[in-house]
file entry09.txt (compact mmCIF, C-alpha atoms)
# COMPACT_ATOMS: atom_id res chain seq x y z
CA MET J 21 -31.93 -52.96 -55.78
CA SER J 22 -30.18 -49.59 -56.14
CA LYS J 23 -32.25 -48.12 -53.33
CA ARG J 24 -30.48 -50.32 -50.77
CA ILE J 25 -27.36 -48.96 -49.07
CA ASP J 26 -24.32 -51.16 -48.47
CA LEU J 27 -23.67 -51.02 -44.71
CA LEU J 28 -20.90 -53.65 -44.66
CA THR J 29 -18.10 -52.08 -46.73
CA GLY J 30 -16.52 -48.72 -47.54
CA SER J 31 -16.99 -45.46 -45.67
CA ILE J 32 -18.84 -45.38 -42.34
CA ILE J 33 -20.17 -41.82 -42.19
CA SER J 34 -21.57 -41.82 -45.73
CA PRO J 35 -23.85 -44.91 -45.49
CA LEU J 36 -24.90 -43.95 -41.94
CA VAL J 37 -25.93 -40.47 -43.00
CA ARG J 38 -27.56 -41.72 -46.23
CA LEU J 39 -29.53 -44.26 -44.22
CA ALA J 40 -30.30 -41.91 -41.31
CA LEU J 41 -31.52 -38.87 -43.23
CA PRO J 42 -34.62 -40.54 -44.74
CA ILE J 43 -35.26 -42.20 -41.35
CA MET J 44 -35.13 -38.78 -39.71
CA GLY J 45 -37.52 -37.53 -42.36
CA THR J 46 -39.81 -40.49 -41.70
CA SER J 47 -39.65 -39.89 -37.94
CA LEU J 48 -40.48 -36.24 -38.43
CA ILE J 49 -43.39 -37.23 -40.67
CA GLN J 50 -44.70 -39.59 -37.97
CA MET J 51 -44.37 -36.79 -35.45
CA ALA J 52 -45.98 -34.37 -37.88
CA TYR J 53 -49.20 -36.44 -37.88
CA ASN J 54 -49.70 -35.45 -34.25
CA MET J 55 -48.30 -31.94 -34.71
CA VAL J 56 -50.70 -31.20 -37.57
CA ASP J 57 -53.57 -32.47 -35.41
CA MET J 58 -52.38 -30.25 -32.55
CA ILE J 59 -52.05 -27.15 -34.74
CA TRP J 60 -55.61 -27.48 -36.07
CA ILE J 61 -57.13 -28.68 -32.79
CA GLY J 62 -55.42 -25.78 -31.02
CA ARG J 63 -57.66 -23.49 -33.08
CA VAL J 64 -60.69 -25.21 -31.57
CA GLY J 65 -59.48 -24.53 -28.02
CA ALA J 66 -57.32 -25.76 -25.16
CA GLY J 67 -60.07 -28.16 -24.09
CA ALA J 68 -59.94 -29.97 -27.42
CA VAL J 69 -56.14 -30.18 -27.17
CA ALA J 70 -56.45 -31.71 -23.69
CA ALA J 71 -58.97 -34.26 -25.02
CA VAL J 72 -56.74 -35.34 -27.90
CA GLY J 73 -53.68 -35.35 -25.63
CA ALA J 74 -55.30 -37.54 -22.99
CA ALA J 75 -56.81 -40.04 -25.44
CA GLY J 76 -53.65 -40.08 -27.52
CA MET J 77 -51.69 -41.48 -24.59
CA PHE J 78 -53.46 -44.81 -25.03
CA MET J 79 -52.28 -44.97 -28.62
CA TRP J 80 -48.80 -44.18 -27.34
CA LEU J 81 -49.25 -47.09 -24.93
CA SER J 82 -50.05 -49.37 -27.87
CA ASN J 83 -46.49 -48.88 -29.13
CA GLY J 84 -45.35 -51.38 -26.51
CA LEU J 85 -47.13 -54.20 -28.33
CA MET J 86 -45.89 -52.93 -31.68
CA VAL J 87 -42.29 -52.84 -30.37
CA LEU J 88 -42.68 -56.39 -29.05
CA ALA J 89 -43.25 -57.54 -32.63
CA ARG J 90 -40.93 -55.07 -34.35
CA MET J 91 -37.72 -54.96 -32.32
CA GLY J 92 -36.76 -58.63 -32.45
CA GLY J 93 -37.85 -58.90 -36.08
CA GLN J 94 -35.79 -55.88 -37.03
CA VAL J 95 -32.62 -57.03 -35.25
CA TYR J 96 -32.74 -60.68 -36.31
CA THR J 97 -33.62 -59.74 -39.88
CA ALA J 98 -30.65 -57.36 -40.06
CA GLN J 99 -28.25 -59.88 -38.54
CA SER J 100 -29.45 -62.58 -40.97
CA LEU J 101 -29.04 -60.20 -43.91
CA GLY J 102 -25.52 -59.34 -42.73
CA ALA J 103 -24.69 -63.05 -42.59
CA GLY J 104 -26.08 -63.54 -46.12
CA LYS J 105 -29.01 -65.72 -44.96
CA LEU J 106 -31.91 -64.35 -47.01
CA ARG J 107 -34.39 -67.15 -46.28
CA GLU J 108 -33.83 -66.86 -42.56
CA ALA J 109 -34.22 -63.07 -42.76
CA GLY J 110 -37.53 -63.60 -44.58
CA ARG J 111 -38.81 -65.90 -41.82
CA TYR J 112 -38.04 -63.33 -39.13
CA ALA J 113 -39.67 -60.55 -41.16
CA GLN J 114 -42.76 -62.68 -41.74
CA CYS J 115 -43.18 -63.51 -38.04
CA SER J 116 -42.68 -59.89 -37.05
CA ILE J 117 -45.50 -58.77 -39.33
CA GLN J 118 -47.82 -61.59 -38.25
CA LEU J 119 -47.26 -60.91 -34.54
CA GLY J 120 -47.84 -57.20 -35.06
CA ALA J 121 -51.15 -57.82 -36.83
CA VAL J 122 -52.46 -60.07 -34.04
CA PHE J 123 -51.43 -57.61 -31.31
CA ALA J 124 -53.05 -54.70 -33.20
CA VAL J 125 -56.43 -56.43 -33.52
CA LEU J 126 -56.48 -57.35 -29.81
CA TYR J 127 -55.57 -53.81 -28.77
CA THR J 128 -58.25 -52.28 -31.00
CA ILE J 129 -60.92 -54.45 -29.38
CA ALA J 130 -59.74 -53.44 -25.90
CA MET J 131 -59.80 -49.70 -26.71
CA VAL J 132 -63.30 -49.81 -28.19
CA VAL J 133 -64.78 -51.89 -25.35
CA PHE J 134 -63.16 -49.99 -22.46
CA CYS J 135 -63.14 -46.50 -23.94
CA LYS J 136 -65.13 -44.71 -21.19
CA PRO J 137 -63.28 -46.03 -18.11
CA LEU J 138 -59.93 -45.46 -19.81
CA VAL J 139 -60.67 -41.79 -20.45
CA GLY J 140 -62.12 -41.52 -16.93
CA PHE J 141 -58.68 -42.31 -15.49
CA PHE J 142 -57.46 -38.76 -16.20
CA ASN J 143 -60.12 -37.00 -14.09
CA LEU J 144 -60.62 -34.38 -16.78
CA ASN J 145 -62.65 -31.43 -15.51
CA SER J 146 -64.95 -30.51 -18.39
CA PRO J 147 -67.73 -32.89 -19.55
CA GLN J 148 -67.18 -31.69 -23.13
CA VAL J 149 -63.48 -32.50 -22.92
CA VAL J 150 -64.37 -35.99 -21.67
CA ARG J 151 -66.80 -36.56 -24.57
CA ASP J 152 -64.23 -35.35 -27.09
CA ALA J 153 -61.58 -37.64 -25.61
CA GLU J 154 -63.88 -40.67 -25.80
CA SER J 155 -64.78 -39.95 -29.44
CA TYR J 156 -61.14 -39.43 -30.40
CA LEU J 157 -59.97 -42.61 -28.63
CA TRP J 158 -62.32 -45.15 -30.18
CA LEU J 159 -62.05 -43.62 -33.65
CA VAL J 160 -58.25 -43.40 -33.71
CA SER J 161 -57.98 -46.92 -32.25
CA LEU J 162 -59.55 -48.23 -35.47
CA GLY J 163 -56.26 -47.28 -37.12
CA THR J 164 -54.14 -49.44 -34.81
CA LEU J 165 -53.69 -52.26 -37.34
CA PRO J 166 -52.44 -50.06 -40.21
CA SER J 167 -50.34 -48.05 -37.74
CA PHE J 168 -48.62 -51.20 -36.41
CA LEU J 169 -48.03 -52.57 -39.90
CA ASN J 170 -46.64 -49.26 -41.14
CA GLN J 171 -44.06 -49.07 -38.36
CA ILE J 172 -43.03 -52.70 -38.79
CA PHE J 173 -42.77 -52.35 -42.58
CA THR J 174 -40.69 -49.19 -42.07
CA ALA J 175 -38.29 -50.99 -39.73
CA LEU J 176 -37.90 -54.06 -41.95
CA ILE J 177 -37.41 -52.12 -45.18
CA THR J 178 -34.92 -49.81 -43.46
CA THR J 179 -32.95 -52.65 -41.94
CA SER J 180 -32.38 -54.03 -45.44
CA GLY J 181 -30.60 -50.75 -46.28
CA ASN J 182 -33.51 -48.90 -47.92
CA SER J 183 -34.74 -45.95 -45.87
CA ARG J 184 -35.86 -43.88 -48.87
CA THR J 185 -39.04 -45.85 -49.63
CA PRO J 186 -40.52 -45.57 -46.10
CA PHE J 187 -39.79 -41.83 -46.18
CA LEU J 188 -41.67 -41.35 -49.45
CA VAL J 189 -44.60 -43.54 -48.40
CA MET J 190 -44.98 -41.88 -44.99
CA GLY J 191 -44.70 -38.48 -46.69
CA ALA J 192 -47.68 -39.34 -48.88
CA GLY J 193 -49.65 -40.23 -45.75
CA LEU J 194 -48.77 -36.91 -44.11
CA VAL J 195 -50.01 -34.97 -47.14
CA ILE J 196 -53.32 -36.83 -46.96
CA ASN J 197 -53.59 -36.13 -43.23
CA MET J 198 -52.83 -32.42 -43.75
CA VAL J 199 -55.58 -32.14 -46.36
CA LEU J 200 -58.19 -34.07 -44.37
CA ASP J 201 -57.55 -32.46 -40.97
CA PRO J 202 -59.06 -28.99 -41.56
CA VAL J 203 -61.86 -30.45 -43.66
CA LEU J 204 -62.99 -32.93 -41.01
CA ILE J 205 -62.21 -30.82 -37.93
CA PHE J 206 -63.94 -27.59 -39.05
CA GLY J 207 -66.21 -28.89 -41.81
CA VAL J 208 -66.36 -27.85 -45.47
CA GLY J 209 -69.55 -27.76 -47.55
CA PRO J 210 -71.59 -30.91 -46.85
CA VAL J 211 -68.92 -32.25 -44.47
CA PRO J 212 -69.93 -31.32 -40.89
CA ALA J 213 -67.46 -29.97 -38.32
CA MET J 214 -66.37 -32.92 -36.18
CA GLY J 215 -63.68 -31.38 -33.96
CA ALA J 216 -61.46 -33.92 -32.20
CA ALA J 217 -63.32 -36.82 -33.86
CA GLY J 218 -62.43 -35.37 -37.26
CA ALA J 219 -58.74 -35.36 -36.38
CA ALA J 220 -58.97 -39.05 -35.45
CA ILE J 221 -60.72 -39.97 -38.71
CA ALA J 222 -58.14 -38.04 -40.77
CA THR J 223 -55.24 -39.82 -39.07
CA THR J 224 -56.82 -43.25 -39.46
CA LEU J 225 -57.59 -42.79 -43.17
CA ALA J 226 -54.05 -41.57 -43.84
CA GLN J 227 -52.59 -44.62 -42.08
CA VAL J 228 -54.73 -46.94 -44.21
CA VAL J 229 -53.45 -45.35 -47.42
CA VAL J 230 -49.85 -45.71 -46.20
CA THR J 231 -50.40 -49.42 -45.52
CA LEU J 232 -51.73 -49.95 -49.04
CA LEU J 233 -48.66 -48.20 -50.50
CA PHE J 234 -46.35 -50.42 -48.45
CA PHE J 235 -48.12 -53.52 -49.77
CA LEU J 236 -47.55 -52.30 -53.32
CA TYR J 237 -43.82 -52.02 -52.57
CA ILE J 238 -43.69 -55.45 -50.92
CA ARG J 239 -45.28 -57.13 -53.94
CA ARG J 240 -42.49 -55.75 -56.16
CA ASP J 241 -39.53 -56.31 -53.82
CA ASP J 242 -37.07 -58.95 -55.04
CA HIS J 243 -34.86 -59.04 -51.96
CA LEU J 244 -36.13 -59.43 -48.38
CA PHE J 245 -39.89 -59.65 -49.02
CA ALA J 246 -39.42 -62.16 -51.83
CA ASN J 247 -38.81 -64.60 -48.96
CA VAL J 248 -41.83 -63.50 -46.89
CA ARG J 249 -45.13 -65.44 -46.98
CA LEU J 250 -47.57 -63.40 -44.88
CA PHE J 251 -50.40 -65.95 -45.00
CA SER J 252 -48.25 -68.98 -44.29
CA LYS J 253 -48.06 -70.69 -40.91
CA PRO J 254 -45.76 -68.74 -38.55
CA ASP J 255 -42.36 -70.18 -37.67
CA TRP J 256 -42.88 -70.52 -33.92
CA SER J 257 -39.17 -70.75 -33.24
CA CYS J 258 -38.63 -67.38 -34.91
CA CYS J 259 -41.65 -65.95 -33.08
CA ARG J 260 -40.26 -67.01 -29.70
CA SER J 261 -36.87 -65.47 -30.51
CA ILE J 262 -38.54 -62.21 -31.58
CA LEU J 263 -40.64 -62.06 -28.40
CA ARG J 264 -37.66 -62.78 -26.13
CA LEU J 265 -35.51 -60.06 -27.67
CA GLY J 266 -38.36 -57.57 -27.93
CA ALA J 267 -39.76 -58.09 -24.43
CA PRO J 268 -37.47 -55.62 -22.57
CA SER J 269 -37.99 -52.88 -25.16
CA ALA J 270 -41.73 -53.58 -25.22
CA ALA J 271 -41.91 -53.32 -21.43
CA GLN J 272 -40.09 -50.01 -21.65
CA SER J 273 -42.47 -48.76 -24.36
CA CYS J 274 -45.52 -49.78 -22.30
CA ILE J 275 -44.31 -48.50 -18.95
CA PHE J 276 -43.18 -45.12 -20.28
CA PRO J 277 -46.69 -43.99 -21.36
CA LEU J 278 -48.19 -45.48 -18.19
CA ILE J 279 -45.83 -43.31 -16.16
CA SER J 280 -46.71 -40.36 -18.38
CA MET J 281 -50.41 -41.00 -17.71
CA VAL J 282 -49.79 -40.79 -13.97
CA ILE J 283 -47.81 -37.59 -14.52
CA ALA J 284 -50.69 -36.24 -16.64
CA ARG J 285 -53.09 -37.01 -13.81
CA ILE J 286 -50.89 -34.97 -11.47
CA ILE J 287 -50.70 -32.15 -14.03
CA ALA J 288 -54.51 -32.14 -14.30
CA GLY J 289 -54.56 -30.73 -10.75
CA TRP J 290 -53.50 -27.44 -12.35
CA GLY J 291 -56.43 -27.57 -14.81
CA ASP J 292 -57.11 -28.89 -18.32
CA GLU J 293 -55.01 -26.02 -19.69
CA ALA J 294 -51.91 -27.45 -18.00
CA VAL J 295 -52.60 -30.83 -19.66
CA ALA J 296 -52.85 -29.06 -23.01
CA VAL J 297 -49.55 -27.22 -22.42
CA GLN J 298 -47.75 -30.47 -21.56
CA LYS J 299 -49.14 -32.20 -24.65
CA VAL J 300 -48.14 -29.39 -27.01
CA GLY J 301 -44.78 -28.92 -25.26
CA SER J 302 -43.93 -32.61 -25.60
CA GLN J 303 -44.80 -32.49 -29.30
CA ILE J 304 -42.45 -29.55 -29.83
CA GLU J 305 -39.73 -31.17 -27.73
CA SER J 306 -40.01 -34.41 -29.69
CA ILE J 307 -38.33 -32.69 -32.66
CA SER J 308 -34.96 -33.50 -31.08
CA TRP J 309 -35.99 -37.02 -30.04
CA MET J 310 -37.34 -37.90 -33.46
CA MET J 311 -34.17 -36.81 -35.20
CA ALA J 312 -32.04 -38.73 -32.70
CA ASP J 313 -34.34 -41.71 -33.24
CA GLY J 314 -33.44 -41.58 -36.93
CA PHE J 315 -29.80 -42.14 -36.09
CA SER J 316 -30.82 -44.71 -33.47
CA VAL J 317 -32.59 -46.81 -36.13
CA ALA J 318 -29.72 -46.28 -38.56
CA VAL J 319 -27.05 -47.33 -36.04
CA ASN J 320 -29.25 -50.29 -35.05
CA SER J 321 -29.27 -51.56 -38.64
CA PHE J 322 -25.60 -50.68 -39.15
CA VAL J 323 -24.45 -52.44 -35.96
CA ALA J 324 -26.73 -55.46 -36.49
CA GLN J 325 -25.60 -56.09 -40.08
CA ASN J 326 -21.91 -55.63 -39.28
CA PHE J 327 -22.14 -57.71 -36.11
CA GLY J 328 -23.90 -60.43 -38.11
CA ALA J 329 -21.02 -60.22 -40.62
CA ARG J 330 -18.55 -60.50 -37.69
CA ASN J 331 -17.14 -57.01 -38.33
CA PHE J 332 -17.13 -55.76 -34.73
CA GLN J 333 -14.74 -52.83 -35.16
CA ARG J 334 -16.84 -51.35 -37.97
CA ALA J 335 -19.97 -51.67 -35.82
CA ARG J 336 -18.20 -49.88 -32.96
CA LYS J 337 -17.05 -47.02 -35.20
CA GLY J 338 -20.59 -46.61 -36.50
CA TYR J 339 -21.79 -45.98 -32.95
CA ARG J 340 -19.11 -43.33 -32.34
CA VAL J 341 -20.01 -41.47 -35.52
CA SER J 342 -23.71 -41.51 -34.60
CA MET J 343 -22.99 -40.19 -31.12
CA GLY J 344 -21.03 -37.28 -32.55
CA VAL J 345 -23.86 -36.25 -34.86
CA SER J 346 -26.53 -36.66 -32.15
CA THR J 347 -24.52 -34.52 -29.72
CA VAL J 348 -24.42 -31.62 -32.17
CA TRP J 349 -28.14 -31.99 -32.89
CA GLY J 350 -29.04 -32.16 -29.19
CA LEU J 351 -27.14 -28.97 -28.41
CA PHE J 352 -28.84 -27.18 -31.31
CA CYS J 353 -32.28 -28.25 -30.03
CA SER J 354 -31.44 -27.06 -26.51
CA VAL J 355 -30.58 -23.60 -27.79
CA LEU J 356 -33.69 -23.52 -29.99
CA LEU J 357 -36.13 -24.48 -27.22
CA MET J 358 -34.56 -22.18 -24.64
CA THR J 359 -34.42 -19.11 -26.88
CA ALA J 360 -37.38 -19.45 -29.24
CA GLY J 361 -39.80 -21.54 -27.17
CA GLY J 362 -42.45 -18.84 -26.99
CA LEU J 363 -42.47 -18.24 -30.73
CA ILE J 364 -42.82 -21.98 -31.43
CA PHE J 365 -45.50 -22.52 -28.77
CA ARG J 366 -47.75 -19.80 -30.23
CA ILE J 367 -47.93 -21.77 -33.47
CA PHE J 368 -49.85 -24.50 -31.64
CA ILE J 369 -51.92 -22.59 -29.06
CA PRO J 370 -52.34 -18.87 -29.84
CA ASP J 371 -53.57 -18.16 -26.29
CA ALA J 372 -51.52 -15.47 -24.53
CA ALA J 373 -52.67 -16.70 -21.11
CA LEU J 374 -51.00 -20.10 -21.65
CA LEU J 375 -47.78 -18.73 -23.16
CA PRO J 376 -45.78 -18.31 -19.91
CA MET J 377 -46.60 -21.89 -18.91
CA GLY J 378 -45.47 -23.16 -22.32
CA VAL J 379 -42.23 -21.16 -22.24
CA ASP J 380 -41.39 -22.57 -18.79
CA TYR J 381 -41.91 -26.12 -20.06
CA LEU J 382 -39.73 -25.70 -23.14
CA THR J 383 -36.96 -23.88 -21.27
CA ILE J 384 -36.68 -26.53 -18.54
CA LEU J 385 -36.90 -29.45 -20.98
CA GLY J 386 -34.43 -27.73 -23.29
CA LEU J 387 -31.64 -28.48 -20.82
CA SER J 388 -31.96 -32.24 -21.36
CA GLN J 389 -32.08 -32.51 -25.16
CA MET J 390 -28.48 -33.66 -25.74
CA PHE J 391 -28.78 -36.34 -23.06
CA MET J 392 -32.07 -37.54 -24.53
CA CYS J 393 -30.29 -37.90 -27.90
CA TRP J 394 -27.51 -39.90 -26.23
CA GLU J 395 -30.08 -42.25 -24.70
CA SER J 396 -31.79 -42.86 -28.05
CA VAL J 397 -28.63 -43.56 -30.07
CA THR J 398 -27.03 -45.73 -27.37
CA SER J 399 -30.23 -47.79 -27.02
CA GLY J 400 -30.20 -48.36 -30.78
CA ALA J 401 -26.60 -49.58 -30.68
CA TYR J 402 -27.34 -51.89 -27.73
CA SER J 403 -30.23 -53.42 -29.69
CA GLY J 404 -28.07 -53.86 -32.78
CA PHE J 405 -25.77 -56.10 -30.75
CA GLY J 406 -28.82 -58.08 -29.63
CA HIS J 407 -28.91 -56.65 -26.07
CA THR J 408 -32.12 -54.85 -25.13
CA LEU J 409 -32.32 -55.51 -21.38
CA THR J 410 -29.83 -52.91 -20.07
CA PRO J 411 -31.22 -49.84 -21.89
CA SER J 412 -34.77 -50.93 -21.05
CA LEU J 413 -34.02 -51.29 -17.34
CA VAL J 414 -32.25 -47.93 -17.18
CA SER J 415 -35.14 -46.24 -18.94
CA ILE J 416 -37.85 -47.93 -16.86
CA ILE J 417 -36.23 -47.24 -13.48
CA LEU J 418 -35.28 -43.63 -14.09
CA THR J 419 -38.49 -42.78 -15.92
CA ALA J 420 -40.52 -44.25 -13.05
CA ALA J 421 -38.56 -41.99 -10.71
CA ARG J 422 -40.37 -39.06 -12.32
CA ILE J 423 -43.53 -39.84 -10.38
CA PRO J 424 -42.15 -39.37 -6.81
CA ALA J 425 -39.91 -36.57 -8.07
CA ALA J 426 -42.89 -34.77 -9.61
CA MET J 427 -44.92 -35.13 -6.42
CA LEU J 428 -42.08 -33.83 -4.27
CA LEU J 429 -40.98 -30.95 -6.49
CA SER J 430 -44.51 -29.78 -7.30
CA ALA J 431 -45.15 -29.47 -3.55
CA THR J 432 -42.37 -26.85 -3.34
CA PRO J 433 -42.58 -23.22 -4.54
CA LEU J 434 -41.74 -24.59 -8.03
CA GLU J 435 -45.34 -25.91 -8.23
CA LEU J 436 -46.10 -26.99 -11.83
CA ASN J 437 -42.53 -26.29 -12.92
CA GLY J 438 -41.42 -28.95 -10.44
CA ILE J 439 -43.08 -31.54 -12.67
CA TRP J 440 -41.20 -30.24 -15.71
CA TRP J 441 -37.92 -30.45 -13.71
CA SER J 442 -38.64 -34.09 -12.77
CA ILE J 443 -38.91 -34.97 -16.47
CA SER J 444 -35.81 -33.04 -17.53
CA LEU J 445 -33.55 -34.35 -14.75
CA SER J 446 -34.51 -37.97 -15.39
CA SER J 447 -33.61 -37.58 -19.10
CA ILE J 448 -30.20 -36.18 -18.16
CA CYS J 449 -29.54 -39.11 -15.82
CA LYS J 450 -30.66 -41.71 -18.38
CA GLY J 451 -28.40 -40.34 -21.09
CA LEU J 452 -25.32 -40.16 -18.87
CA LEU J 453 -25.79 -43.59 -17.30
CA LEU J 454 -26.44 -45.40 -20.59
CA VAL J 455 -23.31 -43.96 -22.23
CA ILE J 456 -21.19 -45.12 -19.27
CA LEU J 457 -22.73 -48.59 -19.22
CA PHE J 458 -22.36 -48.99 -22.99
CA ALA J 459 -18.67 -48.08 -22.80
CA LEU J 460 -18.22 -50.88 -20.25
CA PHE J 461 -20.24 -53.24 -22.48
CA LEU J 462 -18.02 -52.48 -25.49
CA ARG J 463 -14.88 -53.05 -23.41
CA LYS J 464 -16.10 -56.50 -22.36
CA LEU J 465 -17.21 -57.34 -25.89
CA THR J 466 -13.83 -56.25 -27.28
CA ALA J 467 -12.03 -58.53 -24.82
CA LYS J 468 -14.36 -61.39 -25.74
CA GLN J 469 -13.72 -60.86 -29.45
CA ALA J 470 -9.96 -60.79 -28.81
CA ARG J 471 -10.09 -64.06 -26.89
CA ALA J 472 -12.14 -65.70 -29.66
CA ALA J 473 -9.55 -64.59 -32.24
CA ASP J 474 -6.66 -66.19 -30.32
call {"tool": "encode", "arguments": {"input": "entry09.txt", "output": "structure tokens"}}
result
Amino acid sequence: MSKRIDLLTGSIISPLVRLALPIMGTSLIQMAYNMVDMIWIGRVGAGAVAAVGAAGMFMWLSNGLMVLARMGGQVYTAQSLGAGKLREAGRYAQCSIQLGAVFAVLYTIAMVVFCKPLVGFFNLNSPQVVRDAESYLWLVSLGTLPSFLNQIFTALITTSGNSRTPFLVMGAGLVINMVLDPVLIFGVGPVPAMGAAGAAIATTLAQVVVTLLFFLYIRRDDHLFANVRLFSKPDWSCCRSILRLGAPSAAQSCIFPLISMVIARIIAGWGDEAVAVQKVGSQIESISWMMADGFSVAVNSFVAQNFGARNFQRARKGYRVSMGVSTVWGLFCSVLLMTAGGLIFRIFIPDAALLPMGVDYLTILGLSQMFMCWESVTSGAYSGFGHTLTPSLVSIILTAARIPAAMLLSATPLELNGIWWSISLSSICKGLLLVILFALFLRKLTAKQARAAD
């Protein structure tokens, strides 16, 4: 009980920060799974990095289905908890988990059956890179079910005011992944060197352990999960509500990696090394996004609970505090990427020939970090109020604009850097536009609340 944070009364900054910090740690741990893989795979060679990067995009794509089950469950559970309706919160949590499990099994089957044509989409140049990508994809797809469950459990436990437990559980999984990665990638004693396939096996095994730890917590929880019956018949009314609210965010989560796949196909025209640079660069850049995502999840829970408790002004203040913190963090990340990008990049790929390409990527993307943080936090606040369509549309439209922008700019003397500029400029536009639209949304909601009070 003491692990849960009261989001409805008292100070605003203190519970937000106390909730957000473990979420940030959890987000960094989730990112670290891929970063650890990249660091070790980078020692195998740029081709192996390209293989893992290409195949990994399909697991990124799977997040759309996970978000479809998670987003609505998270928001409705938080609003029900804020309103003091524990049984109703339990029904939403139960349906969210059940939907996620079904989606995960279906996606795993699709990845295993269509592995070869999916990898073939990228037009990778080396036959060895293609083989490594195929091995990585079907092996890592076996971890889709525990991966989905882990993210849904994290969201539901966090939305009840407990972000510490997911942080500790995910941390245990990271330690396991860090131990298994070098053993399975390079081989130790009787364990053969498996390269990219070893990285996939390590990640999958770590995810399974995390799922088991979450189940141990759920069995002992006397609050939200005491009202969850995972093997009972789903409440179809709750399921429909979850799917309706989650659909825009799920579409966004699916379309974003699809767009990135097209961009990756364009990048492949500059060689497999360019694909590897983009994959590593995006992992480094995601440090700022993951931290902003921590505050996004925190403000989502904070806004949802307070809105459910009909405390609109407190919800609004929570958003302003989160924006202030994310602005400072975004500026720090911009300076870091633009001044120390080369030093960071060498940690992942110690190849001097690829260093200039990596520095260009991090410098250009560094310009957009604050705006990317704004987009993440504002989207979380929108969702907390139960509105997911506007941030999803903004993200889908402006992210899709990267494709024609990349084609046009890469045809100029900018060449490959033109693609990096298309990504950075779209992030700047998304952040600015969402903040403006959300200010208008809050003004309308304030007027509506005033009219209801009269």
call {"tool": "closest_residue", "arguments": {"input": "entry09.txt", "among": "J:Asn247, J:Thr383, J:Thr29, J:Ser146", "to": "Leu357 (chain J)", "atoms": "only C-alpha atoms"}}
result
J:Thr383
call {"tool": "residues_around", "arguments": {"input": "entry09.txt", "residues": "Ala153 (chain J)", "least_positions_apart": "6", "cutoff": "9 Å", "atoms": "only C-alpha atoms", "output": "PyMOL selection string"}}
result
chain J and resi 68+70-76+139+216-217
call {"tool": "atom_distance", "arguments": {"input": "entry09.txt", "atom1": "CA of Phe251 (chain J)", "atom2": "CA of Val122 (chain J)"}}
result
12.6 Å
call {"tool": "residues_near_point", "arguments": {"input": "entry09.txt", "point": "(-34.4, -36.6, -14.6)", "cutoff": "12 Å", "atoms": "only C-alpha atoms", "output": "PyMOL selection string"}}
result
chain J and resi 384-385+387-389+391-392+414-415+417-426+429+438-453
call {"tool": "atom_distance", "arguments": {"input": "entry09.txt", "atom1": "CA of Ala121 (chain J)", "atom2": "CA of Ala222 (chain J)"}}
result
21.3 Å
call {"tool": "atom_distance", "arguments": {"input": "entry09.txt", "atom1": "CA of Ala175 (chain J)", "atom2": "CA of Pro277 (chain J)"}}
result
21.4 Å
call {"tool": "closest_residue", "arguments": {"input": "entry09.txt", "among": "J:Asp255, J:Glu305, J:Asp241, J:Asp152", "to": "Gly215 (chain J)", "atoms": "all atoms listed in the file"}}
result
J:Asp152
call {"tool": "closest_residue", "arguments": {"input": "entry09.txt", "among": "J:Gly301, J:Gly102, J:Gly207, J:Gly338", "to": "Phe368 (chain J)", "atoms": "all atoms listed in the file"}}
result
J:Gly301
call {"tool": "closest_residue", "arguments": {"input": "entry09.txt", "among": "J:Met44, J:Tyr237, J:Thr223, J:Leu126", "to": "Leu159 (chain J)", "atoms": "all atoms listed in the file"}}
result
J:Thr223
call {"tool": "closest_residue", "arguments": {"input": "entry09.txt", "among": "J:Asn331, J:Ser308, J:Asn143, J:Ser403", "to": "Leu356 (chain J)", "atoms": "only C-alpha atoms"}}
result
J:Ser308
call {"tool": "residues_around", "arguments": {"input": "entry09.txt", "residues": "Phe142 (chain J)", "least_positions_apart": "2", "cutoff": "6 Å", "atoms": "only C-alpha atoms", "output": "count of residues only"}}
result
3
